[in-house]
$ cat upload20.cif   # mmCIF, C-alpha atoms
data_input
loop_
_atom_site.label_atom_id
_atom_site.label_comp_id
_atom_site.auth_asym_id
_atom_site.auth_seq_id
_atom_site.Cartn_x
_atom_site.Cartn_y
_atom_site.Cartn_z
CA PHE A 1244 -0.30 13.90 0.31
CA LYS A 1245 -1.93 17.11 -0.88
CA GLY A 1246 -0.03 18.40 -3.90
CA PHE A 1247 2.12 15.27 -4.28
CA GLN A 1248 2.47 14.00 -7.83
CA VAL A 1249 3.63 10.72 -9.34
CA PHE A 1250 5.90 10.98 -12.36
CA ARG A 1251 6.35 8.13 -14.84
CA VAL A 1252 9.94 8.49 -16.04
CA SER A 1253 11.17 6.71 -19.18
CA PRO A 1254 14.93 6.06 -19.06
CA GLN A 1255 16.31 5.18 -22.50
CA THR A 1256 20.00 4.62 -21.79
CA GLU A 1257 22.22 3.22 -19.07
CA ASP A 1258 23.25 6.81 -18.26
CA ASP A 1259 19.57 7.71 -17.77
CA ARG A 1260 19.11 4.76 -15.40
CA ASN A 1261 22.27 5.65 -13.48
CA TYR A 1262 21.08 9.22 -13.02
CA ILE A 1263 17.67 8.03 -11.80
CA LYS A 1264 19.53 5.84 -9.27
CA VAL A 1265 21.21 9.03 -8.03
CA LEU A 1266 17.76 10.59 -7.60
CA GLU A 1267 16.66 7.49 -5.72
CA ARG A 1268 19.09 8.36 -2.91
CA ARG A 1269 17.34 11.68 -2.30
CA PRO A 1270 15.08 11.21 0.73
CA TYR A 1271 12.23 13.37 -0.56
CA TYR A 1272 11.49 11.16 -3.59
CA ASP A 1273 9.46 8.00 -3.08
CA PHE A 1274 10.17 5.41 -5.78
CA TRP A 1275 7.15 3.27 -6.59
CA SER A 1276 9.11 1.01 -8.93
CA GLU A 1277 12.69 -0.17 -9.12
CA VAL A 1278 15.35 1.15 -11.46
CA ARG A 1279 16.54 -1.94 -13.34
CA LYS A 1280 18.49 -2.55 -16.51
CA ASP A 1281 15.31 -3.62 -18.30
CA SER A 1282 13.12 -0.85 -16.80
CA ALA A 1283 10.96 0.76 -19.43
CA THR A 1284 9.54 3.19 -16.88
CA VAL A 1285 10.14 4.21 -13.27
CA ASP A 1286 7.42 5.79 -11.10
CA ILE A 1287 8.45 8.48 -8.61
CA MET A 1288 6.16 10.19 -6.08
CA THR A 1289 7.30 13.74 -5.46
CA PRO A 1290 6.28 16.23 -2.76
CA PRO A 1291 5.00 19.58 -4.05
CA GLU A 1292 8.11 21.52 -3.06
CA TYR A 1293 10.34 19.28 -5.25
CA ILE A 1294 8.15 18.93 -8.36
CA HIS A 1295 9.85 21.76 -10.25
CA GLN A 1296 13.29 20.42 -9.28
CA LEU A 1297 12.51 16.94 -10.61
CA GLU A 1298 11.08 18.32 -13.86
CA THR A 1299 14.16 20.53 -14.35
CA ASP A 1300 16.60 17.70 -13.57
CA LEU A 1301 14.90 15.36 -16.03
CA GLU A 1302 14.57 17.99 -18.77
CA VAL A 1303 18.23 19.06 -18.49
CA ARG A 1304 19.28 15.43 -18.99
CA GLY A 1305 16.76 14.85 -21.78
CA ILE A 1306 14.94 12.10 -19.88
CA SER A 1307 11.29 11.90 -20.91
CA TYR A 1308 8.53 11.79 -18.31
CA GLU A 1309 4.83 12.31 -17.82
CA VAL A 1310 2.74 13.10 -14.78
CA MET A 1311 0.94 9.86 -14.06
CA ILE A 1312 -0.98 11.06 -10.96
CA PRO A 1313 -1.38 14.84 -10.74
CA ASP A 1314 -2.77 14.79 -7.17
CA VAL A 1315 -2.06 11.77 -4.96
CA ASP A 1316 -4.36 13.07 -2.22
CA ALA A 1317 -7.33 13.18 -4.61
CA VAL A 1318 -6.78 9.49 -5.43
CA ILE A 1319 -6.56 8.63 -1.72
CA GLN A 1320 -9.83 10.47 -1.04
CA LEU A 1321 -11.54 8.52 -3.85
CA GLU A 1322 -10.53 5.26 -2.17
CA LYS A 1323 -12.41 6.30 0.96
CA ILE A 1324 -15.74 6.52 -0.87
CA ALA A 1325 -17.87 3.41 -0.41
CA ALA A 1326 -18.84 1.50 -3.51
CA LEU A 1327 -22.10 2.86 -4.89
CA SER A 1328 -23.55 -0.57 -5.61
CA SER A 1329 -22.89 -1.86 -2.11
CA LYS A 1330 -25.79 -3.06 -0.02
CA GLU A 1331 -23.63 -4.22 2.90
CA VAL A 1332 -24.76 -3.03 6.30
CA PRO A 1333 -22.05 -2.67 8.97
CA SER A 1334 -22.27 -5.12 11.86
CA ALA A 1335 -23.13 -3.92 15.34
CA ASP A 1336 -20.20 -6.06 16.57
CA HIS A 1337 -17.36 -4.62 14.47
CA PRO A 1338 -16.76 -1.76 12.00
CA MET A 1339 -15.58 -3.86 9.04
CA THR A 1340 -17.39 -3.92 5.72
CA TRP A 1341 -16.00 -5.07 2.41
CA ASP A 1342 -17.12 -2.18 0.24
CA THR A 1343 -14.71 0.48 1.49
CA TYR A 1344 -11.16 0.68 2.83
CA HIS A 1345 -10.60 0.62 6.57
CA PRO A 1346 -7.87 1.79 8.93
CA LEU A 1347 -5.83 -0.70 10.92
CA GLU A 1348 -7.95 -0.09 14.03
CA ASP A 1349 -11.05 -1.37 12.23
CA MET A 1350 -9.24 -4.50 11.08
CA TYR A 1351 -7.98 -5.18 14.60
CA ALA A 1352 -11.51 -4.66 15.97
CA PHE A 1353 -12.66 -7.29 13.47
CA LEU A 1354 -9.95 -9.69 14.68
CA ASP A 1355 -11.11 -9.07 18.27
CA TYR A 1356 -14.69 -9.80 17.22
CA LEU A 1357 -13.66 -13.10 15.60
CA GLU A 1358 -11.64 -14.14 18.64
CA ASN A 1359 -14.49 -13.30 21.04
CA THR A 1360 -17.15 -14.96 18.87
CA TYR A 1361 -15.52 -18.19 17.70
CA ASP A 1362 -13.71 -20.62 20.01
CA PHE A 1363 -11.51 -21.80 17.12
CA VAL A 1364 -10.06 -18.31 16.41
CA THR A 1365 -7.20 -16.86 18.42
CA THR A 1366 -5.04 -13.80 17.80
CA GLU A 1367 -1.47 -13.07 18.73
CA VAL A 1368 0.94 -10.14 18.54
CA ILE A 1369 4.06 -11.32 16.69
CA GLY A 1370 6.04 -8.07 16.86
CA THR A 1371 5.89 -4.40 16.01
CA SER A 1372 6.22 -2.56 12.73
CA GLY A 1373 8.85 0.05 11.96
CA GLU A 1374 6.23 2.62 13.04
CA GLY A 1375 5.77 0.87 16.39
CA ARG A 1376 2.36 -0.63 15.56
CA GLU A 1377 1.48 -4.10 16.78
CA MET A 1378 1.58 -6.78 14.09
CA ARG A 1379 -1.24 -9.21 14.79
CA VAL A 1380 -2.07 -12.58 13.35
CA ALA A 1381 -5.23 -14.65 13.56
CA LYS A 1382 -5.10 -18.41 13.92
CA VAL A 1383 -8.08 -20.45 12.78
CA CYS A 1384 -7.87 -24.01 14.01
CA LYS A 1385 -10.39 -26.76 14.62
CA GLY A 1386 -9.52 -30.14 16.13
CA GLY A 1387 -5.97 -31.38 16.44
CA CYS A 1388 -4.22 -28.06 16.02
CA GLY A 1389 -0.49 -28.44 15.66
CA ASN A 1390 -0.83 -31.91 14.19
CA LYS A 1391 -2.11 -30.83 10.77
CA LYS A 1392 -0.60 -29.08 7.81
CA ALA A 1393 -1.11 -25.33 7.97
CA VAL A 1394 -1.63 -22.51 5.50
CA TRP A 1395 -0.16 -19.03 6.03
CA ILE A 1396 -1.97 -16.11 4.39
CA ASP A 1397 -0.76 -12.56 4.89
CA GLY A 1398 -1.81 -9.14 3.70
CA GLY A 1399 -0.81 -5.54 4.22
CA ILE A 1400 2.89 -6.24 4.62
CA HIS A 1401 3.89 -3.39 2.31
CA ALA A 1402 2.97 0.24 2.90
CA ARG A 1403 0.91 0.78 -0.24
CA GLU A 1404 -0.98 -2.50 -0.23
CA TRP A 1405 -4.63 -1.59 -0.11
CA ILE A 1406 -6.52 -4.60 -1.38
CA SER A 1407 -4.70 -7.43 0.41
CA PRO A 1408 -5.92 -6.52 3.94
CA ALA A 1409 -9.50 -6.43 2.62
CA THR A 1410 -8.99 -9.78 0.90
CA VAL A 1411 -7.52 -11.46 3.97
CA THR A 1412 -10.22 -10.14 6.32
CA TRP A 1413 -12.90 -11.22 3.82
CA MET A 1414 -11.38 -14.73 3.80
CA LEU A 1415 -11.51 -14.78 7.60
CA ARG A 1416 -15.15 -13.63 7.49
CA GLU A 1417 -16.04 -16.48 5.13
#
$ encode --input "upload20.cif" --output "structure tokens"
Amino acid sequence: FKGFQVFRVSPQTEDDRNYIKVLERRPYYDFWSEVRKDSATVDIMTPPEYIHQLETDLEVRGISYEVMIPDVDAVIQLEKIAALSSKEVPSADHPMTWDTYHPLEDMYAFLDYLENTYDFVTTEVIGTSGEGREMRVAKVCKGGCGNKKAVWIDGGIHAREWISPATVTWMLRE
């Protein structure tokens, strides 16, 4: 995402919103928020080669905007830095910690660890994502499974969710 920017666009009229909906159909723009009748702002991530085009299109139509994130890659790199105040030491049994963000492989290694360590934890593949990745679930069940009420907790079901997988794995850890 080097050079990508996120624009916060402020449509004022129905014509503005209709034009932004036209932009939404262009495959190179990634809309981070929906264009609705009551939308005060719409956030659009733009690849570097289309930044000038978006600015020109908005300026010609008199639609106000601001650059909300000037470098998406820089923000992503910041997320990879562990929290300075963290004293958590990684386990020898799995790569998960809860002071930094982890790739899917680390989360699945943690699920494997739980399944191999606790007799009341099982995992299952329930399908594949649009990218062909396995979608795994963990089942925590003690005594009389199937005969009790259950709770479903999910995380990471949308592409840009970054805190929900950490939250769900933390809940499993606890």
$ residues_around --input "upload20.cif" --residues "A:Asp1397" --least-positions-apart "3" --cutoff "9 Å" --atoms "only C-alpha atoms" --output "ChimeraX atom specification"
/A:1380,1400,1407-1408,1411
$ write_last_selection --input "upload20.cif" --atoms "C-alpha atoms" --output "compact mmCIF listing (two decimals), in the frame of the given file"
# COMPACT_ATOMS: atom_id res chain seq x y z
CA VAL A 1380 -2.07 -12.58 13.35
CA ILE A 1400 2.89 -6.24 4.62
CA SER A 1407 -4.70 -7.43 0.41
CA PRO A 1408 -5.92 -6.52 3.94
CA VAL A 1411 -7.52 -11.46 3.97
$ atom_distance --input "upload20.cif" --atom1 "atom CA of A:Arg1416" --atom2 "atom CA of A:Gly1375"
27.0 Å
$ atom_distance --input "upload20.cif" --atom1 "atom CA of A:Ser1307" --atom2 "atom CA of A:Asp1273"
18.3 Å
$ axis_aligned_box --input "upload20.cif" --around "stretch 1278-1281 of chain A" --padding-each-side "8 Å" --output "lines of an AutoDock Vina configuration file"
center_x = 16.9
center_y = -1.2
center_z = -14.9
size_x = 19.2
size_y = 20.8
size_z = 22.8
$ atom_distance --input "upload20.cif" --atom1 "atom CA of A:Ala1283" --atom2 "atom CA of A:Ile1406"
25.7 Å
$ closest_residue --input "upload20.cif" --among "A:Glu1358, A:Glu1404, A:Glu1322, A:Glu1417" --to "A:Asp1342" --atoms "all atoms listed in the file"
A:Glu1322
$ resolve_selection --input "upload20.cif" --expression "the PyMOL selection byres ((chain A and resi 1254-1269) around 8)" --output "number ranges by chain"
A: 1252-1253, 1270-1274, 1278-1280, 1282-1285, 1304, 1306-1307
$ residues_around --input "upload20.cif" --residues "A:Cys1388" --least-positions-apart "4" --cutoff "12 Å" --atoms "only C-alpha atoms" --output "CSV table (one decimal) with C-alpha atoms, in the frame of the given file"
chain,number,residue,atom,x,y,z
A,1363,PHE,CA,-11.5,-21.8,17.1
A,1364,VAL,CA,-10.1,-18.3,16.4
A,1365,THR,CA,-7.2,-16.9,18.4
A,1382,LYS,CA,-5.1,-18.4,13.9
A,1383,VAL,CA,-8.1,-20.4,12.8
A,1384,CYS,CA,-7.9,-24.0,14.0
A,1392,LYS,CA,-0.6,-29.1,7.8
A,1393,ALA,CA,-1.1,-25.3,8.0
$ residues_around --input "upload20.cif" --residues "A:Glu1292" --least-positions-apart "5" --cutoff "10 Å" --atoms "only C-alpha atoms" --output "number ranges by chain"
A: 1246-1247, 1271, 1297
$ closest_residue --input "upload20.cif" --among "A:His1401, A:Arg1376, A:Arg1251, A:Lys1323" --to "A:Leu1301" --atoms "all atoms listed in the file"
A:Arg1251
$ resolve_selection --input "upload20.cif" --expression "the PyMOL selection byres ((chain A and resi 1311) around 6)" --output "VMD selection string"
chain A and resid 1249 to 1251 1309 to 1310 1312
$ closest_residue --input "upload20.cif" --among "A:Met1378, A:Leu1321, A:Ile1369, A:Val1394" --to "A:Met1350" --atoms "only C-alpha atoms"
A:Met1378
$ resolve_selection --input "upload20.cif" --expression "the PyMOL selection byres ((chain A and resi 1409) around 9)" --output "list in words"
Thr1340, Trp1341, Thr1343, Tyr1344, His1345, Met1350, Gly1398, Gly1399, Trp1405, Ile1406, Ser1407, Pro1408, Thr1410, Val1411, Thr1412, Trp1413 and Met1414 of chain A
$ residues_around --input "upload20.cif" --residues "A:His1337" --least-positions-apart "2" --cutoff "7 Å" --atoms "all atoms listed in the file" --output "list in words"
Ser1334, Ala1335, Met1339, Ala1352, Phe1353 and Tyr1356 of chain A
$ closest_residue --input "upload20.cif" --among "A:Glu1348, A:Asp1286, A:Asp1355, A:Glu1298" --to "A:Glu1367" --atoms "only C-alpha atoms"
A:Asp1355
